[in-house]
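Text of my_file_0.txt, listed as compact mmCIF, C-alpha atoms and all ligand atoms:
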```
# COMPACT_ATOMS: atom_id res chain seq x y z
CA MET B 1 61.63 -68.86 38.28
CA ALA B 2 60.56 -66.94 35.23
CA TRP B 3 60.95 -63.23 34.67
CA ALA B 4 60.18 -60.65 31.98
CA GLU B 5 62.73 -58.13 30.78
CA ILE B 6 61.08 -54.91 29.62
CA ASP B 7 63.23 -52.69 27.41
CA LEU B 8 62.20 -49.13 28.22
CA ALA B 9 64.54 -47.73 25.56
CA ALA B 10 62.60 -49.77 22.98
CA ILE B 11 59.31 -48.40 24.33
CA ALA B 12 60.68 -44.87 24.00
CA HIS B 13 61.84 -45.60 20.46
CA ASN B 14 58.45 -47.03 19.46
CA THR B 15 56.64 -44.05 20.98
CA GLN B 16 58.85 -41.65 19.01
CA GLU B 17 58.27 -43.64 15.82
CA VAL B 18 54.50 -43.42 16.20
CA LYS B 19 54.78 -39.69 16.97
CA ARG B 20 56.87 -39.20 13.83
CA TRP B 21 54.32 -41.12 11.72
CA ILE B 22 51.25 -39.21 12.96
CA GLY B 23 52.90 -35.79 12.74
CA ALA B 24 52.80 -32.77 15.00
CA LYS B 25 49.10 -31.97 14.58
CA THR B 26 47.85 -35.24 16.06
CA GLU B 27 48.12 -36.19 19.73
CA LEU B 28 49.25 -39.63 20.83
CA ALA B 29 47.24 -41.21 23.63
CA ALA B 30 49.37 -44.12 24.84
CA VAL B 31 47.07 -47.01 25.73
CA VAL B 32 48.38 -48.54 28.96
CA LYS B 33 45.31 -50.50 30.08
CA ALA B 34 45.66 -54.02 31.49
CA ASN B 35 48.96 -53.29 33.24
CA ALA B 36 50.35 -51.75 30.04
CA TYR B 37 49.54 -54.95 28.14
CA GLY B 38 51.36 -56.91 30.82
CA HIS B 39 54.51 -54.73 30.76
CA GLY B 40 53.89 -52.82 34.02
CA LEU B 41 51.56 -49.83 34.28
CA VAL B 42 53.60 -47.19 36.07
CA PRO B 43 57.11 -47.73 34.61
CA VAL B 44 55.73 -47.97 31.06
CA SER B 45 53.56 -44.87 31.54
CA ARG B 46 56.53 -42.89 32.77
CA ALA B 47 58.59 -44.02 29.76
CA VAL B 48 55.96 -43.19 27.13
CA LEU B 49 55.27 -39.77 28.61
CA ARG B 50 58.98 -38.96 28.67
CA ALA B 51 59.27 -40.12 25.08
CA GLY B 52 56.56 -37.72 23.94
CA ALA B 53 53.15 -39.36 24.38
CA ASP B 54 50.64 -36.56 24.95
CA ARG B 55 48.38 -38.42 27.34
CA LEU B 56 47.59 -41.87 28.70
CA ALA B 57 44.50 -43.97 28.10
CA VAL B 58 43.18 -46.73 30.35
CA VAL B 59 39.82 -48.41 30.78
CA SER B 60 38.95 -48.29 34.47
CA VAL B 61 39.02 -45.74 37.26
CA SER B 62 41.10 -48.13 39.36
CA GLU B 63 43.83 -48.29 36.68
CA ALA B 64 43.90 -44.48 36.59
CA MET B 65 44.07 -44.30 40.40
CA THR B 66 47.07 -46.66 40.34
CA LEU B 67 48.75 -44.26 37.91
CA ARG B 68 48.08 -41.21 40.10
CA ARG B 69 49.26 -43.03 43.24
CA GLY B 70 52.36 -44.00 41.28
CA GLY B 71 53.10 -40.30 40.82
CA ILE B 72 51.98 -40.03 37.18
CA GLN B 73 50.67 -36.61 36.28
CA GLY B 74 49.19 -35.49 32.98
CA ARG B 75 45.94 -36.32 31.29
CA ILE B 76 44.37 -39.75 31.57
CA LEU B 77 41.51 -40.72 29.27
CA LEU B 78 39.08 -43.34 30.59
CA MET B 79 37.94 -45.39 27.60
CA GLY B 80 35.67 -47.69 29.58
CA PHE B 81 32.27 -47.62 31.11
CA SER B 82 32.12 -45.67 34.39
CA LEU B 83 29.39 -45.60 37.01
CA ALA B 84 27.85 -42.48 38.55
CA GLU B 85 29.29 -43.53 41.92
CA ASP B 86 32.81 -43.14 40.42
CA ALA B 87 32.24 -39.42 39.70
CA PRO B 88 33.84 -37.95 42.87
CA ALA B 89 37.01 -40.01 42.34
CA ILE B 90 37.12 -39.18 38.61
CA VAL B 91 37.04 -35.46 39.41
CA HIS B 92 39.37 -35.75 42.39
CA TYR B 93 42.04 -37.58 40.39
CA GLY B 94 41.67 -35.24 37.42
CA LEU B 95 40.65 -37.97 34.97
CA THR B 96 38.93 -37.53 31.62
CA PRO B 97 35.98 -39.92 31.52
CA THR B 98 33.92 -41.13 28.60
CA VAL B 99 30.37 -40.26 29.58
CA ASN B 100 27.88 -42.95 28.73
CA SER B 101 24.80 -41.90 30.70
CA GLN B 102 23.10 -38.75 31.91
CA ALA B 103 23.30 -40.21 35.42
CA LEU B 104 27.09 -40.13 35.15
CA ALA B 105 27.01 -36.65 33.58
CA ALA B 106 24.86 -35.36 36.47
CA ALA B 107 27.12 -36.96 39.08
CA LEU B 108 30.25 -35.54 37.41
CA SER B 109 28.69 -32.10 37.29
CA ASP B 110 27.82 -32.29 41.00
CA ALA B 111 31.30 -33.54 41.88
CA ALA B 112 32.97 -30.83 39.79
CA LEU B 113 30.91 -28.11 41.48
CA ALA B 114 31.56 -29.58 44.94
CA GLN B 115 35.32 -29.73 44.29
CA GLY B 116 35.50 -26.36 42.53
CA ARG B 117 36.77 -27.86 39.27
CA VAL B 118 35.80 -28.19 35.64
CA ALA B 119 35.74 -31.80 34.43
CA PRO B 120 36.73 -32.49 30.81
CA VAL B 121 34.57 -35.26 29.33
CA HIS B 122 34.46 -37.28 26.11
CA LEU B 123 31.50 -38.81 24.31
CA LYS B 124 31.65 -42.02 22.35
CA VAL B 125 29.48 -43.05 19.44
CA ASP B 126 29.02 -46.72 18.61
CA THR B 127 29.57 -47.05 14.87
CA GLY B 128 29.92 -50.82 14.74
CA MET B 129 31.45 -52.37 17.86
CA GLY B 130 28.14 -52.98 19.61
CA ARG B 131 29.68 -52.71 23.07
CA PHE B 132 29.02 -49.32 24.60
CA GLY B 133 28.86 -45.78 23.36
CA LEU B 134 25.82 -43.84 22.25
CA LEU B 135 23.85 -44.93 19.22
CA THR B 136 24.22 -42.48 16.33
CA GLU B 137 20.78 -40.90 16.79
CA GLU B 138 21.33 -40.46 20.54
CA VAL B 139 24.46 -38.31 20.23
CA VAL B 140 23.06 -34.85 19.45
CA PRO B 141 20.26 -34.88 22.07
CA PHE B 142 22.69 -36.35 24.62
CA ALA B 143 25.35 -33.73 23.89
CA LYS B 144 22.83 -30.86 24.06
CA GLU B 145 21.79 -31.95 27.55
CA LEU B 146 25.40 -32.49 28.60
CA VAL B 147 26.71 -29.08 27.57
CA ARG B 148 24.03 -27.37 29.67
CA ARG B 149 25.38 -28.95 32.84
CA PRO B 150 27.67 -26.73 34.90
CA GLY B 151 31.17 -27.94 35.73
CA LEU B 152 31.59 -30.03 32.58
CA ARG B 153 33.57 -29.27 29.43
CA LEU B 154 32.90 -31.42 26.37
CA GLU B 155 36.45 -32.01 25.18
CA GLY B 156 36.31 -35.11 23.02
CA PHE B 157 34.16 -37.18 20.72
CA TRP B 158 35.27 -40.63 19.63
CA THR B 159 34.49 -44.00 18.16
CA HIS B 160 36.27 -47.36 17.96
CA PHE B 161 36.93 -49.60 14.96
CA ALA B 162 36.00 -53.27 14.81
CA THR B 163 38.20 -54.45 11.93
CA ALA B 164 41.09 -51.98 11.59
CA GLU B 165 43.68 -54.78 11.84
CA GLU B 166 42.26 -56.57 8.79
CA ALA B 167 43.57 -55.94 5.27
CA ASP B 168 40.05 -55.13 4.03
CA LYS B 169 39.37 -51.61 5.24
CA SER B 170 35.83 -51.25 3.87
CA PHE B 171 34.03 -51.60 7.23
CA THR B 172 36.51 -49.24 8.91
CA ARG B 173 35.87 -46.64 6.20
CA GLN B 174 32.14 -47.11 6.70
CA GLN B 175 32.53 -46.58 10.46
CA LEU B 176 34.57 -43.42 9.83
CA ALA B 177 31.87 -42.09 7.50
CA VAL B 178 29.16 -42.66 10.14
CA TYR B 179 31.37 -40.94 12.73
CA GLN B 180 31.96 -37.94 10.43
CA GLN B 181 28.22 -37.64 9.80
CA VAL B 182 27.45 -37.53 13.53
CA LEU B 183 30.23 -34.99 13.99
CA ALA B 184 28.62 -32.81 11.28
CA ASP B 185 25.28 -33.16 13.08
CA LEU B 186 26.93 -31.96 16.30
CA HIS B 187 28.36 -28.94 14.46
CA GLY B 188 24.91 -28.34 13.00
CA ALA B 189 23.57 -28.20 16.55
CA GLY B 190 26.25 -25.63 17.44
CA ILE B 191 28.35 -28.08 19.45
CA HIS B 192 32.07 -28.05 18.66
CA VAL B 193 34.37 -30.72 20.02
CA PRO B 194 38.10 -29.95 20.04
CA VAL B 195 39.46 -33.50 20.30
CA ARG B 196 38.07 -35.90 17.70
CA HIS B 197 39.50 -39.42 17.76
CA ALA B 198 38.93 -42.86 16.29
CA ALA B 199 42.18 -44.65 15.41
CA ASN B 200 43.68 -47.59 17.26
CA SER B 201 47.05 -49.03 16.16
CA GLY B 202 45.65 -50.74 13.05
CA ALA B 203 43.97 -47.60 11.73
CA THR B 204 46.99 -45.50 12.70
CA LEU B 205 49.19 -47.62 10.42
CA ASP B 206 46.87 -48.07 7.48
CA LEU B 207 44.41 -45.17 7.37
CA PRO B 208 45.92 -41.71 7.94
CA GLU B 209 42.47 -40.15 7.33
CA THR B 210 41.43 -41.62 10.70
CA HIS B 211 44.16 -39.82 12.65
CA LEU B 212 42.03 -36.69 13.27
CA ASP B 213 43.15 -34.87 16.46
CA LEU B 214 44.37 -37.89 18.43
CA VAL B 215 45.22 -41.56 17.97
CA ARG B 216 44.90 -44.20 20.69
CA CYS B 217 47.76 -46.65 20.26
CA GLY B 218 48.59 -49.61 22.44
CA ILE B 219 50.18 -52.61 20.75
CA LEU B 220 52.59 -50.57 18.57
CA LEU B 221 54.23 -49.08 21.67
CA TYR B 222 55.03 -52.59 22.85
CA GLY B 223 56.82 -53.23 19.55
CA LEU B 224 54.18 -55.47 18.02
CA TYR B 225 51.84 -55.14 15.03
CA PRO B 226 48.10 -55.63 15.42
CA SER B 227 48.22 -58.28 12.68
CA PRO B 228 50.45 -59.42 9.82
CA GLU B 229 48.05 -57.84 7.30
CA LEU B 230 49.03 -54.19 7.75
CA ASN B 231 51.49 -51.67 6.32
CA ARG B 232 54.64 -51.14 8.35
CA PRO B 233 55.47 -47.45 8.07
CA VAL B 234 57.05 -47.38 11.53
CA ASP B 235 60.19 -49.13 12.75
CA LEU B 236 59.30 -51.04 15.89
CA ARG B 237 61.56 -52.74 18.38
CA PRO B 238 60.39 -55.66 20.52
CA VAL B 239 60.04 -54.69 24.16
CA LEU B 240 59.37 -57.84 26.15
CA THR B 241 61.60 -60.87 26.61
CA LEU B 242 60.27 -63.70 28.74
CA LYS B 243 62.91 -65.85 30.34
CA ALA B 244 63.38 -68.62 32.87
CA ARG B 245 66.20 -70.82 34.10
CA VAL B 246 66.44 -74.51 33.34
CA GLY B 247 65.42 -76.65 36.29
CA ARG B 248 66.21 -80.31 36.38
CA VAL B 249 67.91 -81.92 33.35
CA ARG B 250 67.80 -85.69 32.84
CA THR B 251 67.12 -88.45 30.35
CA LEU B 252 63.77 -90.20 30.59
CA PRO B 253 63.65 -93.84 29.48
CA GLY B 254 61.49 -94.90 26.54
CA GLY B 255 57.80 -95.36 27.38
CA ALA B 256 57.82 -92.73 30.13
CA SER B 257 54.75 -90.50 30.32
CA VAL B 258 55.15 -86.79 30.89
CA SER B 259 52.91 -84.50 32.98
CA TYR B 260 49.19 -84.61 33.85
CA GLY B 261 46.96 -86.74 31.70
CA ARG B 262 49.93 -88.65 30.20
CA THR B 263 49.39 -86.90 26.86
CA TYR B 264 53.00 -87.53 25.85
CA VAL B 265 54.93 -90.77 26.10
CA THR B 266 58.61 -90.90 25.16
CA PRO B 267 59.26 -93.09 22.09
CA GLY B 268 62.76 -93.91 23.37
CA PRO B 269 65.29 -92.50 25.82
CA THR B 270 64.74 -88.73 25.72
CA PRO B 271 66.83 -85.97 27.29
CA VAL B 272 64.46 -83.48 28.90
CA ALA B 273 64.70 -80.25 30.87
CA LEU B 274 62.24 -78.71 33.30
CA VAL B 275 61.22 -75.10 32.58
CA PRO B 276 59.75 -73.38 35.63
CA ILE B 277 56.92 -71.35 34.10
CA GLY B 278 53.29 -72.34 33.65
CA TYR B 279 49.76 -71.10 33.32
CA GLY B 280 50.01 -69.56 36.78
CA ASP B 281 52.45 -67.16 35.16
CA GLY B 282 50.24 -66.65 32.11
CA TYR B 283 51.87 -69.23 29.83
CA HIS B 284 48.69 -70.89 28.67
CA ARG B 285 47.85 -74.55 29.11
CA CYS B 286 46.73 -74.70 25.47
CA LEU B 287 50.45 -74.60 24.57
CA SER B 288 50.73 -78.18 25.86
CA ASN B 289 52.49 -80.39 23.27
CA ARG B 290 52.62 -77.36 20.92
CA GLY B 291 54.90 -74.63 22.25
CA MET B 292 58.65 -74.28 21.95
CA VAL B 293 61.36 -72.43 23.86
CA LEU B 294 64.97 -71.54 23.14
CA VAL B 295 67.76 -73.31 25.03
CA GLN B 296 71.38 -72.70 23.97
CA GLY B 297 69.90 -70.76 21.01
CA GLN B 298 68.03 -73.85 19.79
CA ARG B 299 64.38 -74.82 19.80
CA ALA B 300 63.11 -77.27 22.39
CA SER B 301 59.53 -78.55 22.16
CA ILE B 302 57.12 -78.79 25.06
CA LEU B 303 56.30 -82.39 25.96
CA GLY B 304 52.93 -83.06 27.57
CA ARG B 305 50.76 -80.61 29.45
CA VAL B 306 51.81 -77.18 30.62
CA CYS B 307 51.19 -77.22 34.39
CA MET B 308 50.45 -74.27 36.66
CA ASP B 309 54.13 -73.77 37.53
CA GLN B 310 56.25 -75.68 35.00
CA PHE B 311 56.54 -77.78 31.87
CA VAL B 312 59.02 -80.23 30.38
CA VAL B 313 60.88 -79.72 27.10
CA ASP B 314 62.71 -82.11 24.82
CA VAL B 315 66.40 -81.16 24.62
CA SER B 316 67.52 -83.98 22.31
CA GLY B 317 70.16 -82.70 19.96
CA ILE B 318 70.98 -79.71 22.15
CA SER B 319 74.36 -80.24 23.70
CA ALA B 320 75.41 -79.33 27.20
CA VAL B 321 72.16 -78.19 28.77
CA HIS B 322 72.64 -77.47 32.45
CA GLU B 323 70.50 -76.57 35.39
CA GLY B 324 70.44 -72.77 35.66
CA ASP B 325 70.88 -72.12 31.91
CA GLU B 326 68.79 -69.28 30.56
CA VAL B 327 65.68 -70.34 28.63
CA VAL B 328 63.99 -67.82 26.34
CA ILE B 329 60.24 -68.30 26.09
CA ILE B 330 59.51 -65.11 24.13
CA GLY B 331 62.38 -63.21 22.52
CA ALA B 332 65.79 -63.85 20.98
CA GLN B 333 68.60 -66.19 21.96
CA GLY B 334 71.58 -66.92 19.75
CA ASP B 335 70.45 -66.59 16.14
CA ASP B 336 66.83 -67.53 16.75
CA ARG B 337 63.80 -65.65 18.03
CA ILE B 338 60.40 -66.72 19.27
CA SER B 339 57.95 -63.88 18.77
CA ALA B 340 54.71 -63.25 20.64
CA GLU B 341 53.03 -63.84 17.25
CA GLU B 342 54.50 -67.33 17.03
CA VAL B 343 53.29 -68.19 20.53
CA ALA B 344 49.88 -66.80 19.53
CA VAL B 345 49.72 -69.13 16.53
CA TRP B 346 50.55 -72.15 18.72
CA GLY B 347 47.92 -71.09 21.23
CA GLN B 348 45.37 -70.07 18.58
CA THR B 349 45.10 -66.57 19.95
CA ALA B 350 46.47 -63.07 19.27
CA ASN B 351 49.83 -61.55 20.24
CA TYR B 352 47.80 -59.11 22.40
CA GLU B 353 46.63 -61.96 24.65
CA VAL B 354 50.05 -63.59 24.87
CA ILE B 355 51.70 -60.51 26.41
CA THR B 356 48.73 -59.29 28.44
CA SER B 357 48.31 -62.67 30.12
CA LEU B 358 51.55 -62.54 32.10
CA THR B 359 50.55 -62.58 35.74
CA SER B 360 51.87 -60.70 38.73
CA ARG B 361 54.00 -63.71 39.73
CA VAL B 362 56.40 -62.89 36.88
CA PRO B 363 58.82 -60.21 38.05
CA ARG B 364 59.29 -57.41 35.51
CA VAL B 365 62.88 -56.29 35.18
CA TYR B 366 63.27 -52.87 33.54
CA LEU B 367 66.20 -52.30 31.22
CA GLY B 368 67.31 -49.22 29.34
CA ALA B 369 65.78 -46.68 31.70
CA ASP B 370 68.88 -44.50 31.26
CA GLN B 371 68.37 -44.40 27.46
CA ALA B 372 64.61 -43.96 27.68
CA GLY B 373 64.95 -40.16 27.64
C1 LIG B 401 42.63 -51.11 23.68
C2 LIG B 401 42.07 -49.98 22.92
C3 LIG B 401 42.86 -49.27 22.00
C4 LIG B 401 44.28 -49.67 21.64
O1 LIG B 401 44.26 -50.72 20.70
P1 LIG B 401 45.62 -51.16 19.97
O2 LIG B 401 45.15 -52.04 18.89
O3 LIG B 401 46.43 -51.86 20.99
O4 LIG B 401 46.25 -49.92 19.49
C5 LIG B 401 42.31 -48.14 21.41
N1 LIG B 401 41.06 -47.75 21.70
C6 LIG B 401 40.27 -48.42 22.56
C7 LIG B 401 38.89 -47.95 22.81
C8 LIG B 401 40.74 -49.56 23.19
O5 LIG B 401 39.94 -50.21 24.04
```
Mind converting the file's structure to structure tokens?
Ligand SMILES: *Cc1c(COP(=O)(O)O)cnc(C)c1O
Amino acid sequence: MAWAEIDLAAIAHNTQEVKRWIGAKTELAAVVKANAYGHGLVPVSRAVLRAGADRLAVVSVSEAMTLRRGGIQGRILLMGFSLAEDAPAIVHYGLTPTVNSQALAAALSDAALAQGRVAPVHLKVDTGMGRFGLLTEEVVPFAKELVRRPGLRLEGFWTHFATAEEADKSFTRQQLAVYQQVLADLHGAGIHVPVRHAANSGATLDLPETHLDLVRCGILLYGLYPSPELNRPVDLRPVLTLKARVGRVRTLPGGASVSYGRTYVTPGPTPVALVPIGYGDGYHRCLSNRGMVLVQGQRASILGRVCMDQFVVDVSGISAVHEGDEVVIIGAQGDDRISAEEVAVWGQTANYEVITSLTSRVPRVYLGADQAG
């Protein structure tokens, strides 16, 4: 059995650090999409709000509904694409959608009138991501039509950066300039937007001029940096530790093949231990013959393929390994630490994917709730 320990006191600390860095004039929207990057949507949301996050940000209506049903109040920004058919639920749950079509705007207006509410909405301009959001020339005509609709209040205007986690900030600066120009065009058309936002974690660290009225930070709250290329003006604490208990321990004879496909064959007698976590838990199969774990504070290499539920590690040179011993897959043990970044390098991916991949089979154990504020 594998489990993840989530340090809520560390999440609170990281939230306060980001708040300190952005200053009192800028809001922090804590990005808790994708099950709070694998850490658990509702407990993490509660912790970041208590620690001073001003609002939450998710992608889908269903994520926001899970938050409301979990008793989370406060503002929730929807950063994703919503459909007109979602409008009644968006208004009912008091969400703040990003409006991407007049069909959605019309449906939100109808729902707001029907429910006797005013729905705050945000607009997004695509300045270089090429996913969704209005094209630059569409923004002013779109906004003019939107502000005429009853029941809606244009609260925010935002964009998203494509390369903020890279050392070279030239494209990010270019995106910001395009965004500022469209904002000026909106002002020129007599449309004023109170909440302007653009920065993700990378831009929040490296480009204070992108902070505007609000920053949308995810990865920093989980104690990780978007990439090794950025400034580190905030003190972050790691939040997630992934652990399991040693299963069977034994010595395989020389010439024994390990796991599916026989991709590893022991060169001689080899002491091995079974670690009960696999790709069914979100520990990717591409870590076969590449990954390492900590046993007794020492590194043990994965032999052969990672299976759905388990893999085998080489424990040669590690004394007294017993069934039931704690194995650390991500995090510290003894004097050593395996970071999400290191696992990402082995798996040729990003730390974001390593943590977000953990599946619902892995129980999340919350620590530090009493110190989380
Ligand atoms: C996920 C996401 C973020 C947060 O990104 P981090 O790099 O984790 O801070 C911000 N904005 C949008 C639109 C996102 O989709």
>> Need to verify the contact set: Ala198 of chain B, 12 Å, all atoms listed in the file, exclusion of same-chain residues closer than 6 positions in sequence. Can you return it as a VMD selection string?
In response: chain B and resid 26 to 29 79 123 to 127 156 to 162 164 172 to 173 175 to 180 183 204 207 to 217
> If you count all atoms listed in the file, which residues end up within 10 Å of ligand LIG 401 (chain B), as JSON, numbers by chain?
Replying inline: {"B": [29, 30, 31, 32, 33, 34, 36, 37, 57, 58, 59, 78, 79, 80, 124, 129, 158, 159, 160, 161, 164, 165, 197, 198, 199, 200, 201, 202, 203, 204, 205, 215, 216, 217, 218, 219, 220, 221, 222, 224, 225, 226, 227, 352]}
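Neighbouring residues of Asp325 of chain B at 9 Å or closer, counting only C-alpha atoms and skipping chain neighbours under 5 positions away, are B:Ala244, B:Arg245, B:Val246, B:Gly247, B:Val295, B:Gln296.
As for atom CA of Lys169 of chain B and atom CA of Glu229 of chain B, they are spaced 10.9 Å apart.
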>> Counting all atoms listed in the file, I want the residues whose atoms come within 12 Å of (60.3, -74.5, 25.4) in the file frame, returned as a PyMOL selection string.
In response: chain B and resi 242-246+272-278+283+287-304+306+310-315+326-331+338+343
>> Please report the interatomic distance between atom CA of Leu367 of chain B and atom CA of Asp309 of chain B in Å with one decimal.
In response: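 Going from atom CA of Leu367 of chain B over to atom CA of Asp309 of chain B covers 25.4 Å.
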Within 12 Å of segment 38-46 of chain B, which residues of segment 275-371 of chain B come that close, and what is the closest atom pair and distance in Å for each? Count all atoms listed in the file and give it as a Markdown table.
```
| residue | atom | partner | partner_atom | distance |
| --- | --- | --- | --- | --- |
| B:Asp281 | CA | B:Gly38 | CA | 11.2 |
| B:Gly282 | CA | B:Gly38 | CA | 9.9 |
| B:Asn351 | CA | B:Gly38 | CA | 11.7 |
| B:Tyr352 | CA | B:Gly38 | CA | 9.4 |
| B:Glu353 | CA | B:Gly38 | CA | 9.3 |
| B:Val354 | CA | B:Gly38 | CA | 9.0 |
| B:Ile355 | CA | B:Gly38 | CA | 5.7 |
| B:Thr356 | CA | B:Gly38 | CA | 4.3 |
| B:Ser357 | CA | B:Gly38 | CA | 6.6 |
| B:Leu358 | CA | B:Gly38 | CA | 5.8 |
| B:Thr359 | CA | B:Gly38 | CA | 7.6 |
| B:Ser360 | CA | B:Gly38 | CA | 8.8 |
| B:Arg361 | CA | B:Gly38 | CA | 11.5 |
| B:Val362 | CA | B:Gly38 | CA | 9.9 |
| B:Pro363 | CA | B:Gly40 | CA | 9.8 |
| B:Arg364 | CA | B:Gly40 | CA | 7.2 |
| B:Val365 | CA | B:His39 | CA | 9.6 |
| B:Tyr366 | CA | B:Pro43 | CA | 8.1 |
| B:Leu367 | CA | B:Pro43 | CA | 10.7 |
| B:Gly368 | CA | B:Pro43 | CA | 11.6 |
| B:Ala369 | CA | B:Pro43 | CA | 9.2 |
```
> Quick one: of B:Gly190, B:Gly70, B:Gly94, B:Pro271, who's nearest to Pro141 of chain B, counting all atoms listed in the file?
Replying inline: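 Closest to Pro141 of chain B of all the choices is B:Gly190.
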Would you compute an axis-aligned box for segment 181-193 of chain B, covering every atom listed for it in the file with 4 Å of margin on each side, and report centre and edge lengths in Å to one decimal as AutoDock Vina command-line options?
```
--center_x 29.0 --center_y -31.6 --center_z 14.9 --size_x 18.8 --size_y 20.0 --size_z 18.2
```
> Do you have the atom CA of Met65 of chain B-atom CA of Pro97 of chain B distance handy?
Replying inline: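 Distance between the two atoms: 12.8 Å.
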>> Nearest residue to Pro120 of chain B out of B:Glu138, B:Glu155, B:Asp335, B:Asp206, using all atoms listed in the file?
In response: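 Nearest to Pro120 of chain B: B:Glu155.
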> For Gln174 of chain B, which residue among B:Gly128, B:Asn35, B:Gly334, B:Ala53 is the nearest when counting all atoms listed in the file?
Replying inline: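 Ranked by minimum distance to Gln174 of chain B, first place goes to B:Gly128.
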